[in-house]
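Following: one structure in structure tokens, then a few remarks.
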Amino acid sequence: MQILKIKDTWAFMSYRKPAVIFSLVLIIASIVSLSVNKLNWGLDFTGGTLIEVGFEQPANLSEIRRIMEQGGHEDAIVQLFGSANDVLIRLGQRDNVKAEMLGNEILTMLKQGTSQDVEMRRIEFVGANVGDELTEQGGLAMLTALICILVYVAFRFEWRFALGSVTALAHDVILTLGLFSFLQLEFDLTVLAAILAVIGYSLNDTIVVSDRIRENFRKIRKGTPEEVINISLTQTLSRTMITSLTTFLVLLALFFKGGALIHGFATALLFGIFVGTYSSIYVASTVALALGISKEDLIPEVIEKEGADQEELMP
Amino acid sequence: MLNKYPLWKSLMVVFILIFGAIYALPNIYGEDPAVQISGKRGLDVTASTLDAVKQQLDGANIGYRSAALENGQILIRFSNYENQQNARDSLVKGLGDEYSVALNLTPATPEWLANIGAVPMKLGLDLSGGVHFLMEVDMKTAMERAQTNMIDTFRAKLREEKIRYKRVSESGTGVEVVLRNIDDLEQAESILKRVDPGYVFVDNEDKLSLKVTMSEQKIKETRENAISQNITIIRNRVNELGVAEPLVQRQGQKHIVVELPGVQDTAKAKEILGATATLSFHMVDQENDLMSAVNGRVPPGSFVVYDQDNRPVLLKKRSILQGEHIVGANSGRDQQTQQPAVYVDLDAAGGDKMSRGTKGNVGKPMATVFIESVATGEKNPDGSLKFDKQLEVISVATIQSRLGRSFQITGQPNPAAAHNLALLLRAGALIAPIAIVEERTVGPSLGAENVQLGLQAILWGFALVLAFMMFYYRKFGVVANLALAANLILIVGVMSLIPGATLTLPGMAGIVLTVGMAVDANVLIFERIREELREGKSVQQSIHHGYDAAFSTIFDANITTLIAAIILFAVGTGPIKGFAVTLSIGIITSMFTSIIGTRAVVNAIWGGKKLDKLSI
């Protein structure tokens, strides 16, 4: 069966102006949100202590807050995590002599305060330096990934495509960061990993489209670049939709079944794949077109004989 | 034309899949509760220990499944957790503190699989439960100690050669030696230059002084030593804790990663790992008045230290001996007084120093000072951690006779404190103190829960994709689904086969993502075949051309995702690395199953005959 039965070529590129405006608006909104709201950095980046505890009965958050205040931890953020019995407590940096003992101290404090058996589920302590190093490393990783990919695509395709796909990637990353900033979702290491995975996925999509554009430039003798791009997008549309759909399905499974620890990760990927699909259709091709991609750029220097184009598809 | 694979190609596909399946197999057998016994302090576990252990368990009437001596450790498997606990308690009592008895979970892999090296995947701490520490070595102190060492060596050398000097003192990061006249200067220079090729002499013509710094090489060496000594010491401490499969590993310039799977009492683990302790022995200053010193008039050459009960003691600054000479320490009781005591053994140089230092002081009190280095949480201007030295007098004892290479320290309040002190001393004197800068502890129940959640997400994702593919591509969808299942098995097989690969919760998320993205290759191929059919090509031509045309696209698309995954692996740590690993493995295995694997099946079913129609 087929979801999309496409007979005619869709004129994708004739909507490129509204698409550019749409993307620009979203990018500006993201940047504004990032500079106003900032990112809600997770413990991995800010440093501090995080304790997840499990109670036998549904937890009384106000009581726990009171216990924390009495213990001298006024800055404690207390919230439920995953279920009504699980509580997450987050503390900022301490100039304490033994910051790493804090987790166990809090545990004892809660046991005495609530006179319930409190189960230690998770303690995380991150020193401030480590956080700084991570932020640096994370940014570096993202940059290296973008550059390596730029080089690979430029080498395999053409610099216009490379620039187009990297623009699409930057677009996806900025929008995903914008979403996290706008909704004030916690940005931790797993989210960073998810964003790198989004880069991988979005590129995957873009390359499939670019590959088809290149092929069609070589195959179709007549037609403007815009027409060739439209034909290519139409031909790959069905595949783009199906792959996005299957990836979306598994991510939904991950979001609903994977537990609270993986929520941020799944959210970033769900959103990233959504914008990634859009950007591979509109952003990458629009940029390549705007940079003046043409038949001549993609035809190999040695002119093939008629009917030899089948062989030319192989690398 | 007909689409046919040569026999060897089909056989290769089958062979690789069987190979992957066999190595994935150990993962379905689960784990046995076990107890692991190893010797402390280089003590070996022997066959006779094994017999003693068996007797002990039989005597206590605790049933066990097997007991074996492997790689210098005894491993006893049980059929339930109750027996495991009982056995541990009984063995700890029976064997004494010369052996470390640790609870463990051992893979219940059947023997024939274990014999061909098939083992289950290693689980990360977020799945198995346990503690992860990142420790930072205080390089500043390491360099300061190297400087002090330089001063001591120079003084000793000059004294030995009977060259009189004005002073030997620190200057910047180096040392300045001031002499009395030009002859001495020349003589001193030629002698000191032979001490260590790592010392660099800076010319200083107009003065009667020598300036010496450490060469780049020497500085690097000192830093390396500080790290490797800390790693050795942490390994010893971890062994003292009795953890089944600990990991102590260097990370970067000044960090050490410690992973203790299954440790529940994290407070104790941290106390022992985080505190660096050393001893220093000083004579008590009896010539000067303690009270006036406490009030601020501390005589030069002396200093005030408080004891456990906060009583001040006035000590001579010059130490008789420092902790780095300690080679062993045991706790016990003093034979006469039955007081808790710590027996200390020194190396030869330490023995000499001790004997020289105590020779003229028989009958006088000597204090044992316990120096603990604790991270303050504050930072130096350069961003490294600040460490605080906490000094405490733990005993003041009258020297009964000239001391040598072994002696005892009394004054601990109880046997437990004596035991703890011995443990810390045994772990050695550190060149550089160390602090925990990151901790991740996962309780055992959360670990098990994470495994469940991860598995559920994989199964649900898998089921959804299978259903969709079957619905959308019918028979070809079934082929793609077979490839997907084969891909899952291969991922698990490869993960089990690579020794360094660890499965984490983000790693499981990576598998989920791979499941969703792996079908992409088949979607590309199938859509291509449909297009070719629509263009009016024959069935066989369409299949052939569909696979061929899609290949370069699939290859390019996957390579770029692989680049992202590899970068993630290079810079990521812990769980993130786990994600990068499963993602990379998944990309490679999925290319195999969805291109070569499905082609084999498609060729076998549709390839060998003349078809007019193809339902895809």
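Starting from 1 in every chain, residues are counted up; chains themselves are A, B, ... following the order of the structure tokens, and ligands are numbered from 1 as listed.
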Inset, instruction - Return the neighbours of chain A among the residues of chain B, cut-off 6 Å, counting only C-alpha atoms, as a list of chain:residue names. - result: B:Thr376, B:Gly377, B:Val437, B:Glu438, B:Glu439, B:Arg440, B:Thr441, B:Val442, B:Gly443, B:Leu446, B:Leu453, B:Gly454, B:Ala457, B:Trp460, B:Gly461, B:Val465, B:Tyr472, B:Gly516, B:Met517, B:Asp520, B:Thr553, B:Ala557, B:Thr561, B:Ala564
Give me, as JSON lines, each residue of region 195-290 of chain A that comes within 10 Å of region 17-35 of chain A, together with its shortest interatomic pair and the distance in Å at one decimal, counting only C-alpha atoms, with rows ordered by chain and rising residue number.
{"residue": "A:Val275", "atom": "CA", "partner": "A:Ser23", "partner_atom": "CA", "distance": 9.9}
{"residue": "A:Tyr278", "atom": "CA", "partner": "A:Ala19", "partner_atom": "CA", "distance": 9.6}
{"residue": "A:Ser279", "atom": "CA", "partner": "A:Ser23", "partner_atom": "CA", "distance": 8.8}
{"residue": "A:Tyr282", "atom": "CA", "partner": "A:Ala19", "partner_atom": "CA", "distance": 6.8}
{"residue": "A:Val283", "atom": "CA", "partner": "A:Val20", "partner_atom": "CA", "distance": 7.5}
{"residue": "A:Thr286", "atom": "CA", "partner": "A:Val20", "partner_atom": "CA", "distance": 8.2}
{"residue": "A:Val287", "atom": "CA", "partner": "A:Val20", "partner_atom": "CA", "distance": 9.6}
Let me see the file: selected residues, C-alpha atoms, as a tab-separated table (two decimals), in the first residue's frame.
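As a result, selection28.tsv now contains:
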chain	number	residue	atom	x	y	z
A	275	VAL	CA	12.21	20.15	12.50
A	278	TYR	CA	11.16	20.09	7.59
A	279	SER	CA	14.65	21.54	7.27
A	282	TYR	CA	13.13	23.45	2.81
A	283	VAL	CA	16.25	24.83	4.40
A	286	THR	CA	16.62	26.64	-0.47
A	287	VAL	CA	20.16	27.53	0.56
Inset, instruction - Extract, using only C-alpha atoms, all DNA, RNA and protein residues at most 9 Å from Pro120 (chain B), discarding same-chain residues fewer than 6 positions from it, and format them as an MDAnalysis selection string. - result: chainID B and resid 23:30 107 109 492:493 495:497
Distance query region 331-341 of chain B at most 9 Å, only C-alpha atoms, self and fewer than 2 positions along chain excluded, as a compact mmCIF listing (two decimals) with C-alpha atoms, in the first residue's frame:
# COMPACT_ATOMS: atom_id res chain seq x y z
CA ALA B 329 50.23 -0.89 59.05
CA TYR B 343 51.63 -1.55 64.21
CA VAL B 344 53.64 0.39 61.66
CA GLN B 408 53.53 0.69 67.43
CA ILE B 409 51.31 3.68 67.97
CA THR B 410 48.76 3.63 70.74
CA GLY B 411 46.21 6.25 71.68
CA GLN B 412 43.27 5.32 69.47
CA PRO B 413 39.96 5.45 71.36
CA ASN B 414 38.65 2.09 70.15
CA PRO B 415 39.60 -0.89 67.95
CA ALA B 416 37.47 0.39 65.07
CA ALA B 417 39.37 3.69 65.01
CA ALA B 418 42.67 1.82 65.15
CA HIS B 419 41.55 -0.37 62.28
CA ASN B 420 40.53 2.63 60.22
CA LEU B 421 43.81 4.40 60.87
CA ALA B 422 45.77 1.31 59.89
CA LEU B 423 43.76 1.08 56.72
Inset, instruction - Pick out the residues sitting within 12 Å of Ser62 (chain A), and hand them over as a VMD selection string; count only C-alpha atoms, and ignore anything fewer than 3 positions along from it in its own chain. - result: chain A and resid 59 65 to 69 76 to 80 87 114
Inset, instruction - Name all residues at most 12 Å from Thr213 (chain B) (count only C-alpha atoms; drop same-chain ones fewer than 2 positions away) and give them as a PyMOL selection string. - result: chain B and resi 143+146-147+150-151+170-177+193+196-203+210-211+215-219
Inset, instruction - Would you please extract all strand (DSSP E) residues from region 71-154 of chain B, as assigned by DSSP on the backbone, and give them as a VMD selection string? - result: chain B and resid 73 to 77 99 to 107 122 to 123 130 to 137
Residues from last step as file, C-alpha atoms, as a PDB file, in the first residue's frame:
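The resulting file, part_28.pdb, is reproduced below:
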ATOM      1  CA  GLN B  73      40.046 -15.490  43.542  1.00  0.00           C
ATOM      2  CA  ILE B  74      37.453 -17.835  44.917  1.00  0.00           C
ATOM      3  CA  LEU B  75      34.009 -17.597  43.382  1.00  0.00           C
ATOM      4  CA  ILE B  76      31.072 -19.305  45.070  1.00  0.00           C
ATOM      5  CA  ARG B  77      27.701 -19.331  43.299  1.00  0.00           C
ATOM      6  CA  TYR B  99      40.605 -11.788  53.086  1.00  0.00           C
ATOM      7  CA  SER B 100      38.169  -9.555  51.337  1.00  0.00           C
ATOM      8  CA  VAL B 101      34.708 -11.066  50.913  1.00  0.00           C
ATOM      9  CA  ALA B 102      32.513  -9.324  48.351  1.00  0.00           C
ATOM     10  CA  LEU B 103      28.978  -9.878  47.146  1.00  0.00           C
ATOM     11  CA  ASN B 104      28.773 -10.247  43.431  1.00  0.00           C
ATOM     12  CA  LEU B 105      26.490 -11.204  40.590  1.00  0.00           C
ATOM     13  CA  THR B 106      28.053 -13.661  38.201  1.00  0.00           C
ATOM     14  CA  PRO B 107      26.703 -14.397  34.744  1.00  0.00           C
ATOM     15  CA  LYS B 122      28.734  -5.337  30.660  1.00  0.00           C
ATOM     16  CA  LEU B 123      26.117  -3.138  32.308  1.00  0.00           C
ATOM     17  CA  GLY B 130      26.786   1.348  42.188  1.00  0.00           C
ATOM     18  CA  VAL B 131      29.025   4.353  42.637  1.00  0.00           C
ATOM     19  CA  HIS B 132      30.968   6.381  40.127  1.00  0.00           C
ATOM     20  CA  PHE B 133      33.550   8.856  41.370  1.00  0.00           C
ATOM     21  CA  LEU B 134      35.645  11.329  39.479  1.00  0.00           C
ATOM     22  CA  MET B 135      38.657  12.340  41.537  1.00  0.00           C
ATOM     23  CA  GLU B 136      41.008  15.236  41.013  1.00  0.00           C
ATOM     24  CA  VAL B 137      44.656  15.085  41.967  1.00  0.00           C
TER      25      VAL B 137
END
Inset, instruction - Quick one: everything within 9 Å of region 284-300 of chain B, counting only C-alpha atoms, minus sequence neighbours fewer than 3 positions away in the same chain. Send it as a ChimeraX atom specification. - result: /B:303-304,312-317,364-367,396
Take the residues from that selection and put them in a file with N, CA and C atoms, as a compact mmCIF listing (two decimals), in the first residue's frame.
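As a result, selection-v9.txt now contains:
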# COMPACT_ATOMS: atom_id res chain seq x y z
N PHE B 303 55.59 24.47 66.55
CA PHE B 303 54.21 24.80 66.17
C PHE B 303 53.23 24.08 67.09
N VAL B 304 51.99 24.60 67.12
CA VAL B 304 50.99 24.04 68.03
C VAL B 304 50.01 23.19 67.24
N PRO B 312 45.97 21.38 73.32
CA PRO B 312 47.11 21.79 72.50
C PRO B 312 48.38 21.04 72.87
N VAL B 313 49.22 20.83 71.89
CA VAL B 313 50.54 20.24 72.12
C VAL B 313 51.55 21.07 71.35
N LEU B 314 52.67 21.40 71.97
CA LEU B 314 53.70 22.17 71.28
C LEU B 314 54.74 21.21 70.72
N LEU B 315 54.93 21.28 69.40
CA LEU B 315 55.82 20.32 68.75
C LEU B 315 56.95 21.03 68.04
N LYS B 316 58.08 20.30 67.90
CA LYS B 316 59.19 20.79 67.08
C LYS B 316 58.78 20.68 65.62
N LYS B 317 59.13 21.71 64.84
CA LYS B 317 58.70 21.72 63.44
C LYS B 317 59.37 20.60 62.63
N LYS B 364 62.15 10.91 76.11
CA LYS B 364 61.39 12.13 75.82
C LYS B 364 60.12 11.77 75.05
N PRO B 365 59.10 12.64 75.13
CA PRO B 365 57.85 12.32 74.43
C PRO B 365 57.92 12.65 72.93
N MET B 366 57.34 11.76 72.14
CA MET B 366 57.25 11.98 70.71
C MET B 366 55.77 11.94 70.32
N ALA B 367 55.39 12.85 69.43
CA ALA B 367 53.98 12.91 69.03
C ALA B 367 53.80 12.35 67.63
N VAL B 396 50.72 10.86 71.96
CA VAL B 396 51.99 11.34 72.47
C VAL B 396 52.52 10.21 73.35
Inset, instruction - Pull the alpha helix (DSSP H) assignments for region 26-136 of chain A out of DSSP run on the backbone, and list those residues as JSON, numbers by chain. - result: {"A": [26, 27, 28, 29, 30, 31, 32, 33, 34, 35, 36, 43, 44, 45, 46, 61, 62, 63, 64, 65, 66, 67, 68, 69, 70, 102, 103, 104, 105, 106, 107, 108, 109, 110, 111, 112, 113, 114, 128, 129, 130, 131, 132, 133, 134, 135, 136]}
Create the file for the chosen residues now, containing N, CA and C atoms and written as a short mmCIF file (atom, residue, chain, number, x, y, z; two decimals), in the first residue's frame.
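Contents of result-v7.cif, as written:
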data_model
loop_
_atom_site.label_atom_id
_atom_site.label_comp_id
_atom_site.auth_asym_id
_atom_site.auth_seq_id
_atom_site.Cartn_x
_atom_site.Cartn_y
_atom_site.Cartn_z
N LEU A 26 11.24 31.68 13.59
CA LEU A 26 11.49 30.70 14.65
C LEU A 26 12.92 30.82 15.20
N ILE A 27 13.87 31.04 14.30
CA ILE A 27 15.26 31.16 14.76
C ILE A 27 15.43 32.39 15.64
N ILE A 28 14.84 33.50 15.20
CA ILE A 28 14.93 34.72 16.02
C ILE A 28 14.26 34.51 17.37
N ALA A 29 13.09 33.88 17.32
CA ALA A 29 12.39 33.61 18.59
C ALA A 29 13.24 32.75 19.50
N SER A 30 13.90 31.75 18.92
CA SER A 30 14.76 30.86 19.72
C SER A 30 15.91 31.63 20.34
N ILE A 31 16.55 32.47 19.51
CA ILE A 31 17.69 33.22 20.01
C ILE A 31 17.26 34.19 21.11
N VAL A 32 16.10 34.81 20.91
CA VAL A 32 15.58 35.72 21.94
C VAL A 32 15.34 34.94 23.22
N SER A 33 14.68 33.80 23.10
CA SER A 33 14.39 33.00 24.28
C SER A 33 15.68 32.54 24.96
N LEU A 34 16.67 32.17 24.15
CA LEU A 34 17.95 31.72 24.72
C LEU A 34 18.66 32.83 25.47
N SER A 35 18.50 34.08 24.96
CA SER A 35 19.21 35.16 25.65
C SER A 35 18.39 35.70 26.82
N VAL A 36 17.07 35.58 26.75
CA VAL A 36 16.25 36.08 27.85
C VAL A 36 16.08 35.00 28.93
N LEU A 43 22.33 19.58 36.30
CA LEU A 43 23.39 19.42 37.30
C LEU A 43 24.76 19.17 36.66
N ASP A 44 24.73 18.45 35.52
CA ASP A 44 25.99 18.12 34.86
C ASP A 44 26.80 19.38 34.56
N PHE A 45 26.10 20.48 34.29
CA PHE A 45 26.79 21.70 33.88
C PHE A 45 26.96 22.70 35.01
N THR A 46 25.98 22.77 35.92
CA THR A 46 26.05 23.80 36.96
C THR A 46 26.87 23.34 38.16
N LEU A 61 5.59 16.69 49.95
CA LEU A 61 6.65 17.60 49.52
C LEU A 61 6.87 18.75 50.48
N SER A 62 5.77 19.30 51.04
CA SER A 62 5.96 20.46 51.91
C SER A 62 6.69 20.05 53.19
N GLU A 63 6.42 18.83 53.64
CA GLU A 63 7.13 18.36 54.82
C GLU A 63 8.63 18.22 54.52
N ILE A 64 8.91 17.68 53.34
CA ILE A 64 10.32 17.50 52.96
C ILE A 64 11.01 18.86 52.85
N ARG A 65 10.29 19.84 52.27
CA ARG A 65 10.87 21.19 52.16
C ARG A 65 11.17 21.74 53.54
N ARG A 66 10.25 21.49 54.48
CA ARG A 66 10.45 22.00 55.83
C ARG A 66 11.69 21.35 56.45
N ILE A 67 11.83 20.03 56.26
CA ILE A 67 12.99 19.33 56.81
C ILE A 67 14.29 19.90 56.21
N MET A 68 14.24 20.15 54.91
CA MET A 68 15.43 20.68 54.25
C MET A 68 15.79 22.06 54.80
N GLU A 69 14.76 22.87 55.02
CA GLU A 69 15.02 24.21 55.54
C GLU A 69 15.61 24.15 56.94
N GLN A 70 15.05 23.27 57.74
CA GLN A 70 15.57 23.11 59.10
C GLN A 70 17.02 22.67 59.08
N LEU A 102 27.42 15.28 51.25
CA LEU A 102 26.12 15.92 51.39
C LEU A 102 24.96 14.96 51.13
N GLY A 103 25.07 14.17 50.07
CA GLY A 103 24.00 13.26 49.68
C GLY A 103 23.60 12.35 50.82
N ASN A 104 24.60 11.75 51.45
CA ASN A 104 24.32 10.83 52.53
C ASN A 104 23.74 11.55 53.74
N GLU A 105 24.24 12.77 53.97
CA GLU A 105 23.74 13.58 55.08
C GLU A 105 22.24 13.82 54.94
N ILE A 106 21.85 14.24 53.72
CA ILE A 106 20.44 14.54 53.44
C ILE A 106 19.58 13.31 53.65
N LEU A 107 20.13 12.17 53.24
CA LEU A 107 19.39 10.92 53.36
C LEU A 107 19.07 10.63 54.82
N THR A 108 20.08 10.79 55.67
CA THR A 108 19.88 10.57 57.10
C THR A 108 18.87 11.58 57.63
N MET A 109 19.02 12.83 57.18
CA MET A 109 18.12 13.90 57.62
C MET A 109 16.68 13.55 57.30
N LEU A 110 16.44 13.05 56.09
CA LEU A 110 15.09 12.71 55.67
C LEU A 110 14.55 11.51 56.44
N LYS A 111 15.43 10.54 56.69
CA LYS A 111 15.00 9.35 57.43
C LYS A 111 14.52 9.74 58.82
N GLN A 112 15.30 10.62 59.48
CA GLN A 112 14.93 11.04 60.83
C GLN A 112 13.70 11.94 60.79
N GLY A 113 13.68 12.86 59.83
CA GLY A 113 12.61 13.85 59.76
C GLY A 113 11.26 13.26 59.47
N THR A 114 11.21 12.31 58.53
CA THR A 114 9.91 11.76 58.15
C THR A 114 9.57 10.49 58.91
N ALA A 128 32.10 22.15 40.65
CA ALA A 128 31.89 23.26 39.72
C ALA A 128 32.82 23.18 38.52
N ASN A 129 34.07 22.82 38.76
CA ASN A 129 35.04 22.75 37.66
C ASN A 129 34.61 21.80 36.58
N VAL A 130 34.11 20.63 37.05
CA VAL A 130 33.71 19.59 36.12
C VAL A 130 32.66 20.14 35.18
N GLY A 131 31.71 20.90 35.76
CA GLY A 131 30.66 21.49 34.96
C GLY A 131 31.20 22.40 33.88
N ASP A 132 32.14 23.28 34.27
CA ASP A 132 32.74 24.20 33.30
C ASP A 132 33.41 23.43 32.17
N GLU A 133 34.16 22.38 32.58
CA GLU A 133 34.87 21.60 31.57
C GLU A 133 33.89 20.97 30.60
N LEU A 134 32.76 20.48 31.17
CA LEU A 134 31.76 19.82 30.34
C LEU A 134 31.15 20.76 29.32
N THR A 135 30.80 21.97 29.79
CA THR A 135 30.19 22.94 28.89
C THR A 135 31.13 23.20 27.72
N GLU A 136 32.40 23.35 28.07
CA GLU A 136 33.41 23.61 27.05
C GLU A 136 33.49 22.44 26.07
#
Legend entry - Given only C-alpha atoms as the counted atoms, nearest of B:Ala483, B:Ile616, B:Ile458, B:Glu189 to Arg528 (chain B): B:Ile616
Legend entry - Two-atom distance - CA of Leu247 (chain B), CA of Ile434 (chain B) (Å): 17.0 Å
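Atom to atom, CA of Met591 (chain B) and CA of Arg534 (chain B) stand 26.2 Å apart.
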Inset, instruction - For each of B:Leu562, B:Leu614, B:Leu403, B:Ile491, take the minimum atom-to-atom distance to Arg530 (chain B), counting only C-alpha atoms, then give the residue where this is smallest. - result: B:Leu614
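The nearest approach to Lys537 (chain B) among the residues B:Asp345, B:Asp612, B:Ala34, B:Asp51, with only C-alpha atoms taken into account, belongs to B:Asp612.
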